[in-house]
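Participant: Just work-v7.cif, nothing more (mmCIF, C-alpha atoms):
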```cif
data_upload
#
loop_
_atom_site.label_atom_id
_atom_site.label_comp_id
_atom_site.auth_asym_id
_atom_site.auth_seq_id
_atom_site.Cartn_x
_atom_site.Cartn_y
_atom_site.Cartn_z
CA MET P 285 -0.07 22.02 19.09
CA SER P 286 1.23 25.48 18.18
CA TRP P 287 4.53 25.76 16.30
CA GLY P 288 4.81 29.55 16.46
CA SER P 289 6.72 29.96 13.20
CA LEU P 290 7.43 28.12 9.96
CA ASP P 291 11.07 27.72 10.99
CA HIS P 292 10.05 25.90 14.14
CA PHE P 293 7.69 23.73 12.15
CA LEU P 294 10.39 22.79 9.61
CA ALA P 295 12.96 22.18 12.34
CA MET P 296 10.70 19.59 14.04
CA GLY P 297 12.52 20.08 17.33
CA GLY P 298 15.84 19.13 15.72
CA TYR P 299 14.40 16.04 14.00
CA GLY P 300 13.62 17.80 10.70
CA LEU P 301 15.89 15.58 8.61
CA TYR P 302 14.25 12.41 9.92
CA VAL P 303 10.62 13.58 9.89
CA TRP P 304 10.78 15.31 6.49
CA GLY P 305 13.07 12.64 5.08
CA SER P 306 10.30 10.17 5.83
CA TYR P 307 7.38 12.25 4.62
CA LEU P 308 8.98 13.58 1.42
CA VAL P 309 10.09 10.14 0.23
CA THR P 310 6.64 8.69 0.99
CA PHE P 311 4.95 11.53 -0.89
CA ALA P 312 7.33 11.26 -3.86
CA LEU P 313 6.79 7.49 -4.14
CA ILE P 314 3.00 7.86 -4.10
CA VAL P 315 3.16 10.57 -6.79
CA ALA P 316 5.46 8.29 -8.82
CA GLU P 317 3.04 5.36 -8.54
CA VAL P 318 0.07 7.45 -9.69
CA THR P 319 2.11 8.85 -12.61
CA LEU P 320 3.27 5.37 -13.66
CA LEU P 321 -0.33 4.09 -13.49
CA ALA P 322 -1.55 6.91 -15.74
CA ARG P 323 1.25 6.18 -18.22
CA ARG P 324 0.57 2.43 -18.13
CA LYS P 325 -3.11 3.06 -18.92
CA ARG P 326 -2.24 5.33 -21.88
CA ASN P 327 0.16 2.66 -23.22
CA ALA P 328 -2.44 -0.10 -22.78
CA ILE P 329 -5.00 1.92 -24.74
CA GLY P 330 -2.40 2.77 -27.37
CA ARG P 331 -1.80 -0.93 -28.02
CA ILE P 332 -5.51 -1.58 -28.54
CA ARG P 333 -6.03 1.06 -31.22
CA MET V 218 -32.34 -8.40 -2.17
CA SER V 219 -29.76 -10.50 -3.88
CA VAL V 220 -26.76 -9.25 -5.77
CA ASN V 221 -25.24 -11.36 -8.49
CA TRP V 222 -21.59 -11.10 -7.46
CA PHE V 223 -20.46 -13.33 -10.31
CA LYS V 224 -21.58 -10.60 -12.68
CA TYR V 225 -18.50 -8.65 -11.57
CA SER V 226 -16.10 -11.58 -11.85
CA SER V 227 -15.65 -10.93 -15.58
CA PRO V 228 -13.30 -8.12 -16.67
CA GLN V 229 -15.73 -6.32 -19.01
CA THR V 230 -18.32 -5.79 -16.25
CA PHE V 231 -15.77 -5.12 -13.50
CA PHE V 232 -13.79 -2.59 -15.57
CA PRO V 233 -16.26 0.35 -15.38
CA LEU V 234 -17.14 -0.44 -11.74
CA ALA V 235 -13.42 -0.46 -10.83
CA GLY V 236 -13.04 2.96 -12.46
CA LYS V 237 -15.86 4.47 -10.38
CA LEU V 238 -14.63 2.82 -7.17
CA ALA V 239 -11.04 4.00 -7.77
CA LEU V 240 -12.24 7.58 -8.14
CA GLY V 241 -14.34 7.39 -4.95
CA PHE V 242 -11.63 5.75 -2.85
CA GLY V 243 -9.01 8.13 -4.23
CA ALA V 244 -11.10 11.11 -3.09
CA LEU V 245 -11.69 9.51 0.33
CA ALA V 246 -7.92 8.89 0.64
CA LEU V 247 -7.17 12.57 0.00
CA VAL V 248 -9.71 13.69 2.62
CA ALA V 249 -8.53 11.15 5.22
CA CYS V 250 -4.84 12.00 4.71
CA ALA V 251 -5.56 15.75 4.93
CA ILE V 252 -7.43 15.29 8.23
CA GLY V 253 -4.88 12.77 9.54
CA LEU V 254 -1.88 15.00 8.75
CA TYR V 255 -3.62 18.03 10.25
CA LEU V 256 -4.28 16.13 13.48
CA GLY V 257 -0.81 14.59 13.42
CA PHE V 258 1.10 17.84 12.98
CA PHE V 259 -1.13 20.53 14.48
CA VAL V 260 -3.21 18.83 17.18
CA ALA V 261 -1.19 15.88 18.52
CA PRO V 262 1.23 16.99 21.26
CA THR V 263 5.01 16.53 21.39
CA ASP V 264 6.03 13.09 22.72
CA ALA V 265 7.53 13.24 26.21
CA GLN V 266 10.34 10.79 25.37
CA GLN V 267 10.92 11.10 21.63
CA GLY V 268 10.19 14.77 21.02
CA GLU V 269 8.96 15.50 17.49
CA SER V 270 10.66 12.48 15.89
CA TYR V 271 7.68 10.31 16.84
CA ARG V 272 5.57 12.09 14.18
CA ILE V 273 6.96 9.58 11.68
CA ILE V 274 4.49 7.16 13.30
CA PHE V 275 1.61 8.66 11.28
CA ILE V 276 2.99 7.13 8.08
CA HIS V 277 5.21 4.35 9.46
CA VAL V 278 2.56 2.30 11.26
CA PRO V 279 -0.18 2.68 8.59
CA ALA V 280 2.33 1.71 5.86
CA ALA V 281 3.52 -1.31 7.86
CA TRP V 282 -0.06 -2.45 8.49
CA MET V 283 -0.95 -2.02 4.81
CA SER V 284 2.17 -3.92 3.72
CA MET V 285 1.03 -6.99 5.66
CA PHE V 286 -2.69 -6.58 4.94
CA LEU V 287 -2.17 -6.22 1.18
CA TYR V 288 0.00 -9.35 1.14
CA VAL V 289 -2.81 -11.36 2.75
CA VAL V 290 -5.35 -9.94 0.27
CA MET V 291 -2.95 -10.74 -2.60
CA ALA V 292 -2.56 -14.33 -1.37
CA PHE V 293 -6.36 -14.57 -0.99
CA TRP V 294 -6.96 -13.57 -4.64
CA ALA V 295 -4.13 -15.81 -5.79
CA GLY V 296 -5.62 -18.76 -3.90
CA LEU V 297 -9.08 -18.01 -5.30
CA GLY V 298 -7.57 -18.00 -8.80
CA LEU V 299 -5.90 -21.37 -8.21
CA ALA V 300 -9.08 -22.90 -6.79
CA PHE V 301 -11.69 -21.57 -9.24
CA ASN V 302 -9.55 -20.61 -12.23
CA THR V 303 -11.31 -17.25 -12.57
CA ARG V 304 -9.68 -14.69 -14.86
CA LEU V 305 -10.13 -11.71 -12.57
CA SER V 306 -8.51 -13.28 -9.47
CA GLY V 307 -5.05 -13.48 -11.01
CA MET V 308 -5.38 -9.93 -12.32
CA MET V 309 -6.25 -8.68 -8.84
CA ALA V 310 -3.28 -10.50 -7.27
CA SER V 311 -0.92 -9.01 -9.88
CA ALA V 312 -2.47 -5.57 -9.36
CA ILE V 313 -1.84 -5.67 -5.60
CA ALA V 314 1.86 -6.65 -5.64
CA PRO V 315 3.46 -3.29 -6.66
CA THR V 316 1.35 -1.28 -4.21
CA GLY V 317 2.13 -3.82 -1.48
CA ALA V 318 5.82 -3.51 -2.28
CA LEU V 319 5.49 0.30 -2.16
CA PHE V 320 3.98 0.25 1.33
CA THR V 321 6.62 -2.27 2.48
CA PHE V 322 9.38 0.00 1.23
CA ILE V 323 7.77 3.03 2.91
CA ALA V 324 7.51 1.09 6.19
CA LEU V 325 11.22 0.15 5.97
CA TRP V 326 12.36 3.61 4.88
CA THR V 327 10.41 5.54 7.51
CA GLY V 328 11.41 2.94 10.11
CA SER V 329 15.03 3.57 9.24
CA PHE V 330 14.55 7.35 9.51
CA TRP V 331 12.89 6.82 12.87
CA GLY V 332 15.44 4.30 14.09
CA LYS V 333 18.42 6.60 13.53
CA PRO V 334 17.38 9.32 16.05
CA THR V 335 15.77 6.91 18.57
CA TRP V 336 18.02 3.82 18.44
CA GLY V 337 21.14 5.45 17.00
CA THR V 338 21.21 3.21 13.92
CA TRP V 339 19.58 3.19 10.47
CA TRP V 340 19.32 -0.57 10.37
CA VAL V 341 19.69 -3.60 12.60
CA TRP V 342 19.20 -7.26 11.70
CA ASP V 343 16.54 -7.93 14.29
CA ALA V 344 13.46 -10.11 13.80
CA ARG V 345 10.90 -7.38 13.00
CA LEU V 346 13.08 -5.52 10.48
CA THR V 347 14.43 -8.65 8.82
CA SER V 348 10.99 -10.27 8.40
CA GLU V 349 9.64 -7.01 6.92
CA LEU V 350 12.59 -6.96 4.49
CA ILE V 351 11.72 -10.56 3.54
CA LEU V 352 8.18 -9.32 2.82
CA LEU V 353 9.63 -6.79 0.35
CA PHE V 354 11.60 -9.59 -1.34
CA LEU V 355 8.44 -11.74 -1.49
CA TYR V 356 6.62 -8.95 -3.33
CA PHE V 357 9.61 -8.46 -5.67
CA GLY V 358 9.88 -12.24 -6.17
CA PHE V 359 6.19 -12.46 -7.06
CA MET V 360 6.51 -9.62 -9.58
CA ALA V 361 9.73 -10.98 -11.11
CA LEU V 362 8.29 -14.49 -11.42
CA GLN V 363 5.16 -13.20 -13.16
CA ALA V 364 7.21 -10.98 -15.47
CA ALA V 365 9.39 -13.93 -16.44
CA ILE V 366 6.48 -16.06 -17.71
CA ASP V 367 4.90 -15.01 -21.01
CA ASP V 368 1.57 -16.81 -20.71
CA PRO V 369 -0.48 -14.76 -18.20
CA ARG V 370 -2.51 -17.74 -16.95
CA ARG V 371 0.66 -19.72 -16.20
CA ALA V 372 2.24 -16.62 -14.66
CA ASP V 373 -0.83 -16.32 -12.39
CA LYS V 374 -0.51 -19.95 -11.27
CA ALA V 375 3.22 -19.74 -10.52
CA GLY V 376 2.77 -16.40 -8.74
CA ALA V 377 -0.14 -17.79 -6.73
CA LEU V 378 2.02 -20.63 -5.36
CA LEU V 379 4.73 -18.17 -4.29
CA ALA V 380 2.15 -15.82 -2.74
CA LEU V 381 0.52 -18.64 -0.76
CA VAL V 382 3.80 -20.06 0.54
CA GLY V 383 5.00 -16.58 1.50
CA VAL V 384 1.90 -15.80 3.55
CA VAL V 385 3.53 -17.65 6.48
CA ASN V 386 5.84 -14.64 6.79
CA VAL V 387 2.99 -12.28 7.77
CA PRO V 388 2.29 -13.71 11.25
CA ILE V 389 6.07 -13.92 11.73
CA ILE V 390 6.33 -10.14 11.13
CA TYR V 391 3.35 -9.41 13.35
CA PHE V 392 4.43 -11.54 16.33
CA SER V 393 8.18 -11.05 15.88
CA VAL V 394 8.28 -8.42 18.63
CA LYS V 395 6.76 -10.97 21.04
CA TRP V 396 8.59 -14.11 19.92
CA TRP V 397 12.06 -12.61 19.80
CA ASN V 398 13.93 -10.08 21.85
CA THR V 399 14.06 -7.18 19.41
CA LEU V 400 15.09 -3.55 19.33
CA HIS V 401 11.74 -2.74 17.78
CA GLN V 402 9.13 -1.77 20.34
CA GLY V 403 6.05 -3.92 20.96
CA ALA V 404 2.61 -3.09 19.61
CA SER V 405 1.25 0.24 20.85
CA VAL V 406 -2.18 -0.72 19.58
CA SER V 407 -3.64 -4.21 19.87
CA LEU V 408 -7.03 -5.85 20.09
CA THR V 409 -6.43 -7.28 23.54
CA LYS V 410 -5.40 -4.26 25.59
CA SER V 411 -6.04 -0.54 25.58
CA PRO V 412 -3.63 1.56 23.50
CA THR V 413 -0.54 3.03 25.17
CA MET V 414 -0.74 6.31 23.23
CA ALA V 415 -2.32 9.73 23.72
CA THR V 416 -5.82 9.84 22.18
CA THR V 417 -5.03 12.52 19.58
CA MET V 418 -1.90 10.62 18.44
CA LEU V 419 -3.92 7.43 18.13
CA THR V 420 -6.77 9.17 16.27
CA ALA V 421 -4.36 10.75 13.77
CA MET V 422 -2.65 7.39 13.20
CA LEU V 423 -5.94 5.55 12.66
CA ILE V 424 -7.23 8.20 10.23
CA MET V 425 -3.93 7.98 8.31
CA THR V 426 -4.40 4.20 8.23
CA PHE V 427 -7.79 4.70 6.56
CA GLY V 428 -6.16 7.20 4.17
CA PHE V 429 -3.47 4.68 3.15
CA TRP V 430 -6.05 1.92 2.96
CA PHE V 431 -8.29 3.93 0.61
CA TYR V 432 -5.26 4.99 -1.44
CA GLY V 433 -4.22 1.33 -1.68
CA ILE V 434 -7.67 0.30 -2.91
CA ALA V 435 -7.69 3.09 -5.51
CA ALA V 436 -4.17 2.31 -6.80
CA VAL V 437 -4.86 -1.43 -6.98
CA LEU V 438 -8.12 -0.89 -8.89
CA LEU V 439 -6.42 1.49 -11.35
CA ARG V 440 -3.67 -1.09 -11.94
CA ALA V 441 -6.26 -3.86 -12.29
CA ARG V 442 -7.91 -1.77 -15.03
CA CYS V 443 -4.54 -1.49 -16.85
CA ILE V 444 -4.03 -5.26 -16.58
CA MET V 445 -7.55 -5.94 -17.91
CA LEU V 446 -6.89 -3.69 -20.93
CA GLU V 447 -3.49 -5.32 -21.54
CA ARG V 448 -4.66 -8.92 -21.28
CA GLU V 449 -7.97 -8.45 -23.09
CA ARG V 450 -6.74 -6.05 -25.78
CA GLY V 451 -8.13 -8.34 -28.48
CA SER V 452 -11.66 -8.26 -27.06
CA ASP V 453 -14.64 -6.22 -28.25
CA TRP V 454 -15.18 -4.44 -24.94
CA ALA V 455 -11.54 -3.27 -24.82
CA ALA V 456 -11.71 -1.98 -28.41
CA GLN V 457 -14.96 -0.21 -27.62
CA TYR V 458 -13.42 1.41 -24.53
CA ALA V 459 -10.35 2.53 -26.52
CA ARG V 460 -12.60 4.15 -29.16
CA GLY V 461 -14.61 5.97 -26.47
CA TYR V 462 -11.36 7.08 -24.83
CA ALA V 463 -10.07 8.48 -28.14
CA ARG V 464 -13.33 10.41 -28.63
CA THR V 465 -13.18 12.09 -25.22
CA ALA V 466 -9.45 12.84 -25.60
CA ALA V 467 -9.93 14.45 -29.02
#
```
Can I see the file as structure tokens?
Facilitator:
Amino acid sequence: MSWGSLDHFLAMGGYGLYVWGSYLVTFALIVAEVTLLARRKRNAIGRIR
Amino acid sequence: MSVNWFKYSSPQTFFPLAGKLALGFGALALVACAIGLYLGFFVAPTDAQQGESYRIIFIHVPAAWMSMFLYVVMAFWAGLGLAFNTRLSGMMASAIAPTGALFTFIALWTGSFWGKPTWGTWWVWDARLTSELILLFLYFGFMALQAAIDDPRRADKAGALLALVGVVNVPIIYFSVKWWNTLHQGASVSLTKSPTMATTMLTAMLIMTFGFWFYGIAAVLLRARCIMLERERGSDWAAQYARGYARTAA
């Protein structure tokens, strides 16, 4: 699969909104979960000390 | 060779093991997702009917599978906790719920973003979509119920009952496309017949499934570690870990 240019890749054959709307939200949610887990661990340790 | 599995059923012995496993599965998840996305975007061809919009499949189907799978695993741990009253089982069930809810939301969200260009609508109250939405509410209900009860052991028991009753929804989601006339397409991949997809598309989707699976394991283990520290904060092993953590952070 060759896209030719970045513009073509981002356009996703006219479905850019739907494809990237799916992938960006998924990515953001996973980053949010990992961040919240790191914060929860710090808080848990803080309550022990 | 025999392994004493019960050794790992107590939080203080499982805690360090869970940390190592989370790191390993997290790394595997990154590798699998990198390969899966590369195959999905740069090797898999354009779909003859759906154009490029079908590429949502590489996260939609793995997320939907994980949403159902994690619910069954959550109900399994919850049931184990009810039956044997082991401390760790309830912690595992509680640790799974948020990640299960996350995958359910991703399945619904990406489904909506796929439905709009292919069906012409963001949402429709058909059997597959509605039962998946009920799954999200079951996860939320489980989390809300546990949060509402102060005593963790009682929270585990109440949550376990809800988790076990709700498990009936999983086969309903899975077979909904067969049992009812729905807008959602039938299974492209099943155990009984050969897949109806191009090989590279299928390979990318399966590798992404492993990526999500490994990520799910890592996230659940990290959350289980938090829950262990929270619930056992009065114990010697937790205090010892906190001291060691302070030393390495300083």
Participant: Could you list, as a list in words, the residues of chain V having an atom within 7 Å of chain P when counting all atoms listed in the file?
Facilitator: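 Result: Phe259, Val260, Ala261, Pro262, Gly268, Glu269, Ser270, Arg272, Ile273, Ile323, Trp326, Thr327, Phe330, Trp331, Leu439, Arg440, Cys443, Leu446, Glu447, Arg450, Ala456 and Ala459 of chain V.
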Participant: Let me see the file: selected residues, C-alpha atoms, as a PDB file, in the frame of the given file.
Facilitator:
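Written file, part.pdb:
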```
ATOM      1  CA  PHE V 259      -1.130  20.530  14.480  1.00  0.00           C
ATOM      2  CA  VAL V 260      -3.210  18.830  17.180  1.00  0.00           C
ATOM      3  CA  ALA V 261      -1.190  15.880  18.520  1.00  0.00           C
ATOM      4  CA  PRO V 262       1.230  16.990  21.260  1.00  0.00           C
ATOM      5  CA  GLY V 268      10.190  14.770  21.020  1.00  0.00           C
ATOM      6  CA  GLU V 269       8.960  15.500  17.490  1.00  0.00           C
ATOM      7  CA  SER V 270      10.660  12.480  15.890  1.00  0.00           C
ATOM      8  CA  ARG V 272       5.570  12.090  14.180  1.00  0.00           C
ATOM      9  CA  ILE V 273       6.960   9.580  11.680  1.00  0.00           C
ATOM     10  CA  ILE V 323       7.770   3.030   2.910  1.00  0.00           C
ATOM     11  CA  TRP V 326      12.360   3.610   4.880  1.00  0.00           C
ATOM     12  CA  THR V 327      10.410   5.540   7.510  1.00  0.00           C
ATOM     13  CA  PHE V 330      14.550   7.350   9.510  1.00  0.00           C
ATOM     14  CA  TRP V 331      12.890   6.820  12.870  1.00  0.00           C
ATOM     15  CA  LEU V 439      -6.420   1.490 -11.350  1.00  0.00           C
ATOM     16  CA  ARG V 440      -3.670  -1.090 -11.940  1.00  0.00           C
ATOM     17  CA  CYS V 443      -4.540  -1.490 -16.850  1.00  0.00           C
ATOM     18  CA  LEU V 446      -6.890  -3.690 -20.930  1.00  0.00           C
ATOM     19  CA  GLU V 447      -3.490  -5.320 -21.540  1.00  0.00           C
ATOM     20  CA  ARG V 450      -6.740  -6.050 -25.780  1.00  0.00           C
ATOM     21  CA  ALA V 456     -11.710  -1.980 -28.410  1.00  0.00           C
ATOM     22  CA  ALA V 459     -10.350   2.530 -26.520  1.00  0.00           C
TER      23      ALA V 459
END
```
Participant: Go through V:Ala280, V:Ala404, V:Val385, V:Ala415 one by one, measure the shortest atom-to-atom distance of each to V:Ala292 using all atoms listed in the file, and give the residue with the smallest value.
Facilitator: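 For V:Ala292, the nearest of the given residues is V:Val385.
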Participant: Please tell me which residues are no farther than 12 Å from (17.9, 1.0, 13.2) in the file, counting all atoms listed in the file, and write them as a list in words.
Facilitator: Leu325, Trp326, Thr327, Gly328, Ser329, Phe330, Trp331, Gly332, Lys333, Pro334, Thr335, Trp336, Gly337, Thr338, Trp339, Trp340, Val341, Trp342, Asp343, Ala344, Arg345, Leu346, Thr347, Thr399, Leu400, His401 and Gln402 of chain V
Participant: Can you measure atom CA of V:Ser284 to atom CA of V:Pro228 for me? One decimal in Å is fine.
Facilitator: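 It comes out at 25.9 Å.
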Participant: What is the atom CA of V:Ala318-atom CA of V:Tyr356 distance in Å, reported with one decimal?
Facilitator: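 Interatomic distance here is 5.6 Å.
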Participant: Could you work out how far atom CA of V:Thr303 lies from atom CA of V:Pro315, giving the answer in Å with one decimal?
Facilitator: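 That distance, rounded to one decimal, is 21.2 Å.
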Participant: Would you please work out which residue, of V:Leu381, V:Met445, V:Ala265, V:Ile390, is nearest to V:Met414 when using only C-alpha atoms?
Facilitator: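 Ranking V:Leu381, V:Met445, V:Ala265, V:Ile390 by distance to V:Met414, first place goes to V:Ala265.
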